[in-house]
Structures are given as structure tokens and as C-alpha cells.
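Notes for the one structure printed next.
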Amino acid sequence: MHRFAVVVMRMSLFALFAASAPLLCHGSDRNIRGQDVNGHAVAVNGAGHYTVVMYTNPDLEDDSRAMTLALDSFRSRSDFAFIRVVDLRGDVPPSMRGLVRGQIRKEMVREDKRLKEQRGITDASANAPIIPDFSGSTLDALGWDTVYSQVHLVVYDRHGHEIKRLADVSDPKELTKVMGDIL
């Protein structure tokens, strides 16, 4: 009977560790994936470039636009990627998600046009996917487990390791300075 108790205890410890592993991994170097507005897989913390990941939601449209503009000077760099994750948990019924994706695509076309005209950057959206997160899976993997009232950011280095986390970002100049210091 003693042997059985030891096996049960070991299994219980393994189950406890396995259940808590996602909590322990927040901010770690595990691969985080999402699906962009076109249904393509996105390596959120992919290797080969610095990546800025922005949390936004429909209420933060103006704030996230200001932060996006603050990153314009970095967008032409081949070692820079910019990913926006839009928090749409519970906000959009499945029958309306196609419409939301269509609206996001229109915004991306406008942004591509603006960056081409103002900065000479062609096909900017190739390195700047937008992930409409209806389920919260990407947001949860990033440690963003609630709806926020301000923009949040995570910066990953060229190896996909988190190097900076910014909460409640409201000053675009602060973001430009932080990124300038990193890059």
C-alpha cells in the first residue's frame, strides 16, 4: 500500500506542476502564436527581428493609433516587426466576425498607403499583422488576462525573448524613446 501512496503522490505533484505550467510560463521564452486577420498563423515572438506587440481594444482606437504613429520611424527596418492584438473577447458574435475582419483589412490598406506616401515603406502590413483575438487565446498567452483601459506593450528581442513589458502606455514619445534605446 505504501508504494501505491508514493505513486499517487508523485502523480499528484506532476498534475499540479502541469496545471500551473502555463502560469509559470508568462513572460518566458515559449512560442506564442496567433492568427492574423487573414487567417494566417503568426509567430508573435518569432526570431530574426525585434518585435513590438501591442494590446488594444475597440475603446483604445485613438490611443493605439497614436502609438502606431510613434513607431513609424522603426517600421522600415528589416529587423523590426509590429504586431497588434485586438481584444475582442465576448464583444463580437461569430456571425459578425467576418465583418470585423473586413473592417480591419480596410484599416490596414489605409495604413499601408499612408506609410508608402509618408515614409516610402512598401507593403508595411507584411511585418505588421493584426490579430483579432475573439477567444482570448493569444491575449492569455501574452499575460493579458483582462480588458485594459490603456495600451499595453511587450517587446521581444531577435531570439524571441521578452526584453521589455510596458503597461498603461499613454505617451507616444515615451514609446519612441524606449524603442530607440532598445534598437
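Residue numbering restarts at 1 in every chain; chains get A, B, ... in the order shown in the C-alpha cells, and ligands count up from 1 in that same order.
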
Exercise. Using only C-alpha atoms, which residues sit within 9 Å of Met179 in chain A once same-chain residues fewer than 4 positions away are excluded, as a ChimeraX atom specification?
Worked result: /A:52,71,74,155,174-175,183

Would you mind exporting the chosen residues as an mmCIF file, in the first residue's frame, restricted to N, CA and C atoms?
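Just written: out_12.cif:
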```cif
data_model
loop_
_atom_site.group_PDB
_atom_site.id
_atom_site.type_symbol
_atom_site.label_atom_id
_atom_site.label_comp_id
_atom_site.auth_asym_id
_atom_site.auth_seq_id
_atom_site.Cartn_x
_atom_site.Cartn_y
_atom_site.Cartn_z
ATOM 1 N N VAL A 52 7.540 44.309 -31.485
ATOM 2 C CA VAL A 52 6.709 45.036 -30.537
ATOM 3 C C VAL A 52 5.302 44.483 -30.688
ATOM 4 N N LEU A 71 5.704 54.554 -33.747
ATOM 5 C CA LEU A 71 6.626 53.509 -34.192
ATOM 6 C C LEU A 71 7.002 53.627 -35.672
ATOM 7 N N PHE A 74 10.559 53.231 -37.060
ATOM 8 C CA PHE A 74 11.197 51.922 -36.988
ATOM 9 C C PHE A 74 10.642 50.943 -38.021
ATOM 10 N N VAL A 155 7.936 43.812 -25.749
ATOM 11 C CA VAL A 155 8.991 43.860 -26.763
ATOM 12 C C VAL A 155 9.815 42.579 -26.638
ATOM 13 N N GLU A 174 7.187 58.506 -25.113
ATOM 14 C CA GLU A 174 7.815 57.522 -24.223
ATOM 15 C C GLU A 174 8.106 56.233 -25.007
ATOM 16 N N LEU A 175 7.146 55.809 -25.808
ATOM 17 C CA LEU A 175 7.322 54.594 -26.601
ATOM 18 C C LEU A 175 8.463 54.758 -27.597
ATOM 19 N N LEU A 183 16.628 49.587 -29.794
ATOM 20 C CA LEU A 183 17.165 49.333 -31.130
ATOM 21 C C LEU A 183 18.426 50.137 -31.363
#
```

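From CA of Arg105 in chain A back to CA of Val178 in chain A, the distance works out to 28.6 Å.
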
Exercise. Within 10 Å of range 133-143 of chain A, counting only C-alpha atoms, which residues qualify if same-chain residues fewer than 3 places away don't, as a count of residues only?
Worked result: 36

For this session: Between CA of Asp62 in chain A and CA of Thr176 in chain A, measure the distance and give it in Å to one decimal.
Result: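 Those two atoms sit 16.9 Å apart.
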
Exercise. In Å, with one decimal, what is the gap from CA of Ser170 in chain A to CA of His152 in chain A?
Worked result: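 Separating CA of Ser170 in chain A from CA of His152 in chain A is a distance of 9.1 Å.
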
For this session: If you run DSSP over the backbone, which residues in range 71-181 of chain A end up alpha helix (DSSP H)? Put them as a ChimeraX atom specification.
Result: /A:97-119,137-141,172-181

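For Lys113 in chain A, the set of protein, DNA and RNA residues having any atom at most 12 Å away, when counting only C-alpha atoms and skipping those fewer than 6 positions along the same chain, is Lys106, Glu107, Arg119, Gly120, Ile121, Thr122, Asp123, Ala124 and Ser125 of chain A.
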
For this session: Show which residues sit within 7 Å of Leu60 in chain A, as a ChimeraX atom specification. Count only C-alpha atoms, and ignore same-chain residues fewer than 4 positions away.
Result: /A:56,64,150

For this session: List every residue of chain A that DSSP, applied to the backbone, labels as strand (DSSP E), and write the result as a PyMOL selection string.
Result: chain A and resi 33-35+41-43+50-56+80-87+130-133+151-156+162-169

For the selection just defined, write its residues with N, CA, C and O atoms to a file, as a compact mmCIF listing (two decimals), in the first residue's frame.
```
# COMPACT_ATOMS: atom_id res chain seq x y z
N ARG A 33 1.71 32.03 -30.40
CA ARG A 33 1.16 32.06 -31.75
C ARG A 33 -0.21 32.71 -31.74
O ARG A 33 -0.91 32.69 -30.74
N GLY A 34 -0.55 33.26 -32.88
CA GLY A 34 -1.87 33.84 -33.08
C GLY A 34 -2.28 33.66 -34.52
O GLY A 34 -1.53 33.08 -35.32
N GLN A 35 -3.45 34.15 -34.85
CA GLN A 35 -3.95 34.07 -36.22
C GLN A 35 -4.32 35.47 -36.66
O GLN A 35 -5.13 36.14 -36.02
N ALA A 41 -1.21 31.99 -39.69
CA ALA A 41 -0.54 31.82 -38.40
C ALA A 41 0.54 32.89 -38.24
O ALA A 41 1.25 33.22 -39.20
N VAL A 42 0.65 33.42 -37.05
CA VAL A 42 1.64 34.46 -36.73
C VAL A 42 2.44 34.00 -35.52
O VAL A 42 1.86 33.65 -34.49
N ALA A 43 3.76 33.98 -35.66
CA ALA A 43 4.65 33.73 -34.52
C ALA A 43 4.82 35.06 -33.80
O ALA A 43 5.58 35.92 -34.24
N TYR A 50 13.38 42.19 -33.94
CA TYR A 50 12.76 42.73 -32.74
C TYR A 50 11.27 42.83 -33.02
O TYR A 50 10.86 43.18 -34.12
N THR A 51 10.47 42.52 -32.02
CA THR A 51 9.03 42.56 -32.20
C THR A 51 8.38 43.36 -31.09
O THR A 51 8.65 43.12 -29.91
N VAL A 52 7.54 44.31 -31.48
CA VAL A 52 6.71 45.04 -30.54
C VAL A 52 5.30 44.48 -30.69
O VAL A 52 4.75 44.46 -31.78
N VAL A 53 4.74 44.02 -29.58
CA VAL A 53 3.37 43.51 -29.58
C VAL A 53 2.53 44.47 -28.76
O VAL A 53 2.84 44.78 -27.61
N MET A 54 1.46 44.96 -29.38
CA MET A 54 0.59 45.94 -28.74
C MET A 54 -0.76 45.34 -28.40
O MET A 54 -1.39 44.71 -29.24
N TYR A 55 -1.18 45.55 -27.16
CA TYR A 55 -2.55 45.23 -26.75
C TYR A 55 -3.42 46.43 -27.08
O TYR A 55 -3.07 47.57 -26.75
N THR A 56 -4.54 46.18 -27.72
CA THR A 56 -5.51 47.23 -27.96
C THR A 56 -6.91 46.62 -27.93
O THR A 56 -7.07 45.40 -27.91
N PHE A 80 12.65 44.60 -37.67
CA PHE A 80 11.58 45.11 -36.80
C PHE A 80 10.23 44.57 -37.26
O PHE A 80 9.91 44.61 -38.45
N ALA A 81 9.46 44.08 -36.32
CA ALA A 81 8.09 43.64 -36.60
C ALA A 81 7.17 44.28 -35.57
O ALA A 81 7.56 44.51 -34.42
N PHE A 82 5.96 44.54 -35.97
CA PHE A 82 4.98 45.21 -35.12
C PHE A 82 3.67 44.43 -35.22
O PHE A 82 3.11 44.30 -36.30
N ILE A 83 3.23 43.89 -34.10
CA ILE A 83 2.03 43.07 -34.08
C ILE A 83 1.02 43.70 -33.13
O ILE A 83 1.35 44.02 -31.99
N ARG A 84 -0.18 43.87 -33.63
CA ARG A 84 -1.25 44.38 -32.78
C ARG A 84 -2.23 43.24 -32.50
O ARG A 84 -2.65 42.55 -33.42
N VAL A 85 -2.56 43.08 -31.22
CA VAL A 85 -3.53 42.08 -30.81
C VAL A 85 -4.75 42.84 -30.30
O VAL A 85 -4.66 43.58 -29.32
N VAL A 86 -5.87 42.66 -30.99
CA VAL A 86 -7.09 43.39 -30.66
C VAL A 86 -7.95 42.51 -29.76
O VAL A 86 -8.35 41.41 -30.14
N ASP A 87 -8.22 43.01 -28.57
CA ASP A 87 -9.03 42.28 -27.60
C ASP A 87 -10.50 42.39 -27.98
O ASP A 87 -11.13 43.43 -27.81
N ILE A 130 -2.18 42.14 -37.78
CA ILE A 130 -3.15 42.45 -36.73
C ILE A 130 -3.88 41.16 -36.41
O ILE A 130 -4.39 40.48 -37.30
N ILE A 131 -3.92 40.84 -35.13
CA ILE A 131 -4.58 39.62 -34.66
C ILE A 131 -5.87 40.00 -33.96
O ILE A 131 -5.83 40.55 -32.85
N PRO A 132 -7.02 39.76 -34.57
CA PRO A 132 -8.28 39.98 -33.86
C PRO A 132 -8.53 38.76 -32.96
O PRO A 132 -8.78 37.66 -33.45
N ASP A 133 -8.38 38.94 -31.67
CA ASP A 133 -8.48 37.80 -30.74
C ASP A 133 -9.87 37.72 -30.15
O ASP A 133 -10.19 38.39 -29.17
N VAL A 151 -3.25 51.22 -23.57
CA VAL A 151 -2.42 50.35 -24.39
C VAL A 151 -1.36 49.68 -23.52
O VAL A 151 -0.80 50.29 -22.60
N HIS A 152 -1.09 48.41 -23.82
CA HIS A 152 0.00 47.65 -23.20
C HIS A 152 0.91 47.17 -24.32
O HIS A 152 0.44 46.93 -25.44
N LEU A 153 2.18 46.98 -24.00
CA LEU A 153 3.15 46.53 -25.00
C LEU A 153 4.12 45.51 -24.41
O LEU A 153 4.44 45.58 -23.22
N VAL A 154 4.57 44.62 -25.28
CA VAL A 154 5.65 43.70 -24.95
C VAL A 154 6.65 43.78 -26.09
O VAL A 154 6.26 43.81 -27.26
N VAL A 155 7.94 43.81 -25.75
CA VAL A 155 8.99 43.86 -26.76
C VAL A 155 9.82 42.58 -26.64
O VAL A 155 10.22 42.19 -25.54
N TYR A 156 10.05 41.94 -27.80
CA TYR A 156 10.86 40.73 -27.87
C TYR A 156 12.12 41.01 -28.66
O TYR A 156 12.10 41.78 -29.63
N GLU A 162 11.43 37.87 -24.34
CA GLU A 162 10.86 39.13 -23.86
C GLU A 162 11.95 39.96 -23.20
O GLU A 162 12.69 39.47 -22.35
N ILE A 163 12.03 41.24 -23.62
CA ILE A 163 13.03 42.13 -23.03
C ILE A 163 12.41 43.35 -22.36
O ILE A 163 13.08 44.02 -21.58
N LYS A 164 11.16 43.63 -22.65
CA LYS A 164 10.51 44.80 -22.05
C LYS A 164 9.01 44.60 -22.06
O LYS A 164 8.45 44.12 -23.03
N ARG A 165 8.37 44.99 -20.97
CA ARG A 165 6.92 44.96 -20.85
C ARG A 165 6.47 46.31 -20.33
O ARG A 165 6.96 46.78 -19.31
N LEU A 166 5.55 46.94 -21.06
CA LEU A 166 5.06 48.26 -20.69
C LEU A 166 3.55 48.19 -20.49
O LEU A 166 2.82 47.76 -21.38
N ALA A 167 3.09 48.64 -19.33
CA ALA A 167 1.66 48.66 -19.03
C ALA A 167 1.17 50.10 -19.02
O ALA A 167 1.92 51.03 -18.68
N ASP A 168 -0.06 50.29 -19.40
CA ASP A 168 -0.71 51.60 -19.35
C ASP A 168 0.10 52.68 -20.06
O ASP A 168 0.39 53.74 -19.50
N VAL A 169 0.46 52.41 -21.29
CA VAL A 169 1.25 53.36 -22.08
C VAL A 169 0.30 54.41 -22.67
O VAL A 169 -0.66 54.08 -23.35
```
